[in-house]
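Dumped data-v5.tsv below, it's TSV, C-alpha atoms (C1' of nucleotides):
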```tsv
chain	number	residue	atom	x	y	z
A	9	MET	CA	-12.04	18.49	-130.77
A	10	LYS	CA	-11.90	15.09	-132.29
A	11	ASP	CA	-12.07	13.70	-128.80
A	12	THR	CA	-15.30	15.39	-127.91
A	13	LYS	CA	-16.73	14.39	-131.26
A	14	SER	CA	-15.83	10.74	-130.79
A	15	LYS	CA	-17.04	10.88	-127.22
A	16	LYS	CA	-20.34	12.25	-128.41
A	17	ALA	CA	-20.53	9.56	-131.06
A	18	ALA	CA	-19.74	6.89	-128.50
A	19	ALA	CA	-22.38	8.22	-126.16
A	20	ALA	CA	-24.89	8.25	-128.97
A	21	ASP	CA	-23.94	4.71	-129.85
A	22	ALA	CA	-24.37	3.61	-126.27
A	23	LYS	CA	-27.71	5.34	-126.11
A	24	ALA	CA	-28.86	3.72	-129.33
A	25	GLN	CA	-27.70	0.34	-128.12
A	26	LYS	CA	-29.54	0.77	-124.85
A	27	LYS	CA	-32.64	1.77	-126.73
A	28	ALA	CA	-32.35	-1.24	-129.02
A	29	GLU	CA	-31.90	-3.54	-126.05
A	30	LYS	CA	-34.92	-2.05	-124.36
A	31	GLU	CA	-36.98	-2.46	-127.49
A	32	LYS	CA	-35.77	-6.03	-127.82
A	33	ALA	CA	-36.82	-6.79	-124.25
A	34	ILE	CA	-40.23	-5.27	-124.84
A	35	GLU	CA	-40.58	-7.25	-128.05
A	36	LYS	CA	-39.67	-10.43	-126.22
A	37	LYS	CA	-42.21	-9.72	-123.53
A	38	LEU	CA	-44.90	-9.04	-126.10
A	39	ALA	CA	-44.04	-12.24	-127.95
A	40	ALA	CA	-44.28	-14.22	-124.73
A	41	LYS	CA	-47.61	-12.63	-123.96
A	42	LYS	CA	-48.90	-13.41	-127.42
A	43	ASP	CA	-47.61	-16.94	-127.12
A	44	LYS	CA	-49.54	-17.42	-123.93
A	45	GLU	CA	-52.74	-16.04	-125.36
A	46	MET	CA	-52.44	-18.35	-128.32
A	47	LYS	CA	-51.78	-21.23	-125.98
A	48	LYS	CA	-54.93	-20.44	-124.09
A	49	GLN	CA	-56.97	-20.39	-127.27
A	50	LYS	CA	-55.39	-23.64	-128.38
A	51	LYS	CA	-56.16	-25.22	-125.05
A	52	ASP	CA	-59.80	-24.30	-125.45
A	53	LYS	CA	-59.76	-25.95	-128.85
A	54	LYS	CA	-57.91	-28.93	-127.46
A	55	LYS	CA	-60.65	-29.58	-124.98
A	56	ASN	CA	-62.87	-30.41	-127.92
A	57	ALA	CA	-60.45	-32.20	-130.19
A	58	ALA	CA	-57.61	-33.55	-128.10
A	59	ASP	CA	-56.28	-37.00	-128.75
A	60	PRO	CA	-54.85	-38.46	-125.54
A	61	ASN	CA	-53.16	-41.24	-127.48
A	62	GLN	CA	-51.07	-38.86	-129.55
A	63	PRO	CA	-47.41	-39.14	-128.56
A	64	LYS	CA	-46.02	-36.09	-126.82
A	65	ARG	CA	-43.08	-34.20	-128.22
A	66	PRO	CA	-39.72	-35.39	-127.04
A	67	ALA	CA	-37.71	-33.32	-124.58
A	68	THR	CA	-35.01	-31.21	-126.17
A	69	ALA	CA	-31.42	-31.23	-124.90
A	70	PHE	CA	-32.25	-28.14	-122.89
A	71	PHE	CA	-35.20	-29.84	-121.25
A	72	VAL	CA	-33.11	-32.89	-120.39
A	73	PHE	CA	-30.61	-30.54	-118.77
A	74	LEU	CA	-33.38	-28.64	-117.04
A	75	GLU	CA	-34.71	-31.80	-115.47
A	76	GLU	CA	-31.37	-32.38	-113.82
A	77	TYR	CA	-30.85	-28.73	-113.05
A	78	ARG	CA	-34.14	-28.56	-111.16
A	79	LYS	CA	-32.85	-31.07	-108.66
A	80	THR	CA	-29.65	-29.15	-107.95
A	81	PHE	CA	-31.57	-25.90	-107.91
A	82	LYS	CA	-33.97	-27.31	-105.33
A	83	ASP	CA	-31.06	-28.42	-103.17
A	84	LYS	CA	-29.42	-25.04	-103.38
A	85	HIS	CA	-32.56	-22.98	-103.03
A	86	PRO	CA	-35.15	-25.01	-101.14
A	87	ASN	CA	-37.12	-21.87	-100.37
A	88	ILE	CA	-37.60	-20.94	-104.02
A	89	LYS	CA	-40.57	-22.92	-105.23
A	90	GLY	CA	-41.77	-21.29	-108.44
A	91	VAL	CA	-40.91	-22.95	-111.70
A	92	ALA	CA	-40.31	-19.59	-113.33
A	93	ALA	CA	-37.19	-19.00	-111.27
A	94	VAL	CA	-35.82	-22.45	-112.12
A	95	GLY	CA	-36.53	-21.89	-115.78
A	96	LYS	CA	-34.74	-18.57	-115.78
A	97	ALA	CA	-31.75	-19.87	-113.85
A	98	GLY	CA	-31.67	-22.98	-115.99
A	99	GLY	CA	-31.62	-20.95	-119.17
A	100	ASP	CA	-28.76	-18.90	-117.81
A	101	ALA	CA	-26.81	-21.99	-116.77
A	102	TRP	CA	-27.45	-23.64	-120.13
A	103	LYS	CA	-25.93	-20.71	-121.96
A	104	ARG	CA	-22.81	-20.97	-119.84
A	105	LEU	CA	-22.26	-24.65	-120.65
A	106	THR	CA	-19.65	-25.54	-123.25
A	107	GLU	CA	-20.53	-27.68	-126.24
A	108	GLU	CA	-18.68	-30.55	-124.62
A	109	GLU	CA	-20.74	-30.25	-121.47
A	110	LYS	CA	-23.93	-30.10	-123.50
A	111	LYS	CA	-23.06	-33.23	-125.45
A	112	PRO	CA	-24.52	-35.84	-123.04
A	113	TYR	CA	-27.79	-33.90	-122.98
A	114	HIS	CA	-27.87	-33.79	-126.77
A	115	ASP	CA	-27.27	-37.54	-126.81
A	116	LYS	CA	-30.15	-38.18	-124.45
A	117	ALA	CA	-32.38	-35.87	-126.47
A	118	ALA	CA	-31.48	-37.74	-129.64
A	119	GLN	CA	-32.49	-40.99	-128.02
A	120	LYS	CA	-35.79	-39.52	-126.92
A	121	LYS	CA	-36.33	-38.21	-130.42
A	122	ALA	CA	-35.77	-41.66	-131.90
A	123	ASP	CA	-38.31	-43.09	-129.49
A	124	TYR	CA	-40.75	-40.35	-130.40
A	125	GLU	CA	-40.40	-41.01	-134.12
A	126	LYS	CA	-41.02	-44.68	-133.57
A	127	THR	CA	-44.11	-44.05	-131.47
A	128	LEU	CA	-45.36	-41.46	-133.92
A	129	THR	CA	-45.08	-43.84	-136.86
A	130	GLU	CA	-47.05	-46.46	-134.97
A	131	TYR	CA	-49.62	-43.89	-133.95
A	132	LYS	CA	-50.08	-42.70	-137.52
A	133	LYS	CA	-50.39	-46.25	-138.75
A	134	LYS	CA	-53.08	-46.93	-136.21
A	135	GLN	CA	-54.93	-43.78	-137.16
A	136	GLU	CA	-54.91	-44.75	-140.82
A	137	GLU	CA	-56.26	-48.15	-139.95
A	138	ASP	CA	-58.96	-46.61	-137.81
A	139	ALA	CA	-59.91	-44.26	-140.63
A	140	LYS	CA	-60.14	-47.20	-143.01
A	141	ASN	CA	-62.31	-49.13	-140.59
A	142	GLU	CA	-64.55	-46.14	-140.10
A	143	LYS	CA	-64.98	-45.77	-143.84
A	144	GLU	CA	-65.84	-49.42	-144.22
A	145	ASN	CA	-68.32	-49.37	-141.37
A	146	GLY	CA	-69.43	-45.85	-142.12
A	147	LYS	CA	-72.76	-46.71	-143.68
A	148	ASP	CA	-73.94	-48.80	-140.75
A	149	ASP	CA	-72.66	-46.24	-138.29
A	150	ASP	CA	-74.53	-43.45	-140.03
A	151	GLU	CA	-77.76	-45.17	-139.38
A	152	GLU	CA	-76.83	-45.83	-135.77
A	153	MET	CA	-75.70	-42.25	-135.28
A	154	GLN	CA	-78.96	-40.97	-136.65
A	155	SER	CA	-81.01	-42.93	-134.21
A	156	GLU	CA	-78.68	-41.89	-131.39
A	157	GLU	CA	-79.08	-38.25	-132.30
A	158	GLU	CA	-82.80	-38.61	-132.31
A	159	GLU	CA	-82.64	-40.12	-128.85
A	160	GLU	CA	-80.51	-37.23	-127.63
A	161	GLU	CA	-83.00	-34.75	-128.99
A	162	ASP	CA	-85.72	-36.54	-127.12
A	163	ASP	CA	-83.73	-36.12	-123.90
A	164	GLU	CA	-83.73	-32.35	-124.31
B	24	DG	C1'	-61.38	-29.24	-106.71
B	25	DA	C1'	-60.09	-27.86	-111.29
B	26	DC	C1'	-57.53	-25.08	-113.99
B	27	DG	C1'	-54.31	-21.18	-115.45
B	28	DT	C1'	-49.86	-18.83	-114.76
B	29	DG	C1'	-45.04	-18.07	-114.88
B	30	DA	C1'	-40.06	-18.75	-117.40
B	31	DT	C1'	-36.73	-21.05	-120.05
B	32	DT	C1'	-34.57	-23.16	-125.02
B	33	DG	C1'	-34.73	-26.35	-128.71
B	34	DT	C1'	-37.34	-28.85	-131.97
B	35	DT	C1'	-41.21	-29.95	-134.68
B	36	DG	C1'	-44.53	-29.16	-138.10
B	37	DC	C1'	-47.18	-26.30	-140.89
B	38	DC	C1'	-47.67	-22.69	-144.44
C	29	DG	C1'	-37.26	-20.61	-144.86
C	30	DG	C1'	-39.89	-18.50	-141.26
C	31	DC	C1'	-42.62	-18.73	-137.53
C	32	DA	C1'	-45.98	-20.54	-134.13
C	33	DA	C1'	-46.65	-24.15	-130.95
C	34	DC	C1'	-45.23	-27.21	-127.60
C	35	DA	C1'	-42.43	-30.12	-124.63
C	36	DA	C1'	-41.49	-30.42	-118.26
C	37	DT	C1'	-41.98	-28.56	-113.90
C	38	DC	C1'	-45.24	-27.32	-109.55
C	39	DA	C1'	-46.54	-23.82	-105.99
C	40	DC	C1'	-49.80	-20.54	-105.87
C	41	DG	C1'	-53.86	-17.85	-107.10
C	42	DT	C1'	-58.48	-17.60	-108.86
C	43	DC	C1'	-63.04	-19.13	-109.66
```
Show the structure stored in the file as structure tokens.
Amino acid sequence: MKDTKSKKAAAADAKAQKKAEKEKAIEKKLAAKKDKEMKKQKKDKKKNAADPNQPKRPATAFFVFLEEYRKTFKDKHPNIKGVAAVGKAGGDAWKRLTEEEKKPYHDKAAQKKADYEKTLTEYKKKQEEDAKNEKENGKDDDEEMQSEEEEEEDDE
DNA sequence: GACGTGATTGTTGCC
DNA sequence: GGCAACAATCACGTC
């Protein structure tokens, strides 16, 4: 009797686990979808207010690894061209790496991060200076802007 | 021709 | 602290 009971319990557990996994996968998919939608909206905004001089985020250790992995993946699977497949395979391979194997990638990422911080500091400094200059010249510019706007209105 | 999509993990930056 | 956004990649599809 105990056996059937424990078997039932085990089956129920397995079922519950499967359900949880399924729900997790669905959740992940939804999150990805949401992420993409948000990205799209952000991109629209970016078109208006993007600053091309702003330093880009540094590559993480995973991205450093992925860069290398893409090359080997291409060699192994020259017929697979989509980036999605490489990303998936790369993520899988990354998880299988030991901490020791990941170390050189973390080192490279740390270097990139240091570079990024340096560039970012310079960028922020420049922005502050620009803001100061704008404030100082603001009055003159206002007058110029006004006349420019009037000209634009005339064009329409 | 220009632009969006897909798929991944780690890190950043904001609230 | 938690969570959203973003970093690279490029063939392919859509408009």
### Summary
Computed gap from atom CA of Thr68 of chain A to atom C1' of DC26 of chain B is 26.3 Å
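Distance-wise, atom CA of Ala69 of chain A and atom CA of Lys116 of chain A end up 7.1 Å apart.
Restricting the calculation to all atoms listed in the file, the smallest distance between DT32 of chain B and any of A:Ala93, A:Val72, A:Leu128, A:Ile88 is found for A:Val72.
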Tell me, counting all atoms listed in the file, for each residue of chain A within 6 Å of chain B, which pair of atoms is nearest and how far apart they are in Å to one decimal, in rows ordered by chain and increasing number, as a Markdown table.
```
| residue | atom | partner | partner_atom | distance |
| --- | --- | --- | --- | --- |
| A:Thr68 | CA | B:DG33 | C1' | 5.5 |
| A:Phe70 | CA | B:DT32 | C1' | 5.9 |
| A:Ala92 | CA | B:DA30 | C1' | 4.2 |
| A:Gly95 | CA | B:DT31 | C1' | 4.4 |
| A:Lys96 | CA | B:DT31 | C1' | 5.3 |
| A:Gly99 | CA | B:DT31 | C1' | 5.2 |
```
### Message
What are the residues of chain A lining chain C at 8 Å or less? Count all atoms listed in the file, and put the answer as a list in words.
### Response
Lys47, Lys64, Arg65, Pro66, Ala67, Thr68, Phe71, Glu75, Lys89, Gly90 and Val91 of chain A
Any chance you can output those residues with C-alpha atoms as a CSV table (one decimal), in the frame of the given file?
```csv
chain,number,residue,atom,x,y,z
A,47,LYS,CA,-51.8,-21.2,-126.0
A,64,LYS,CA,-46.0,-36.1,-126.8
A,65,ARG,CA,-43.1,-34.2,-128.2
A,66,PRO,CA,-39.7,-35.4,-127.0
A,67,ALA,CA,-37.7,-33.3,-124.6
A,68,THR,CA,-35.0,-31.2,-126.2
A,71,PHE,CA,-35.2,-29.8,-121.2
A,75,GLU,CA,-34.7,-31.8,-115.5
A,89,LYS,CA,-40.6,-22.9,-105.2
A,90,GLY,CA,-41.8,-21.3,-108.4
A,91,VAL,CA,-40.9,-23.0,-111.7
```
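Our summary of the geometry notes that atom CA of Ala101 of chain A is positioned 27.2 Å from atom CA of Asp123 of chain A.
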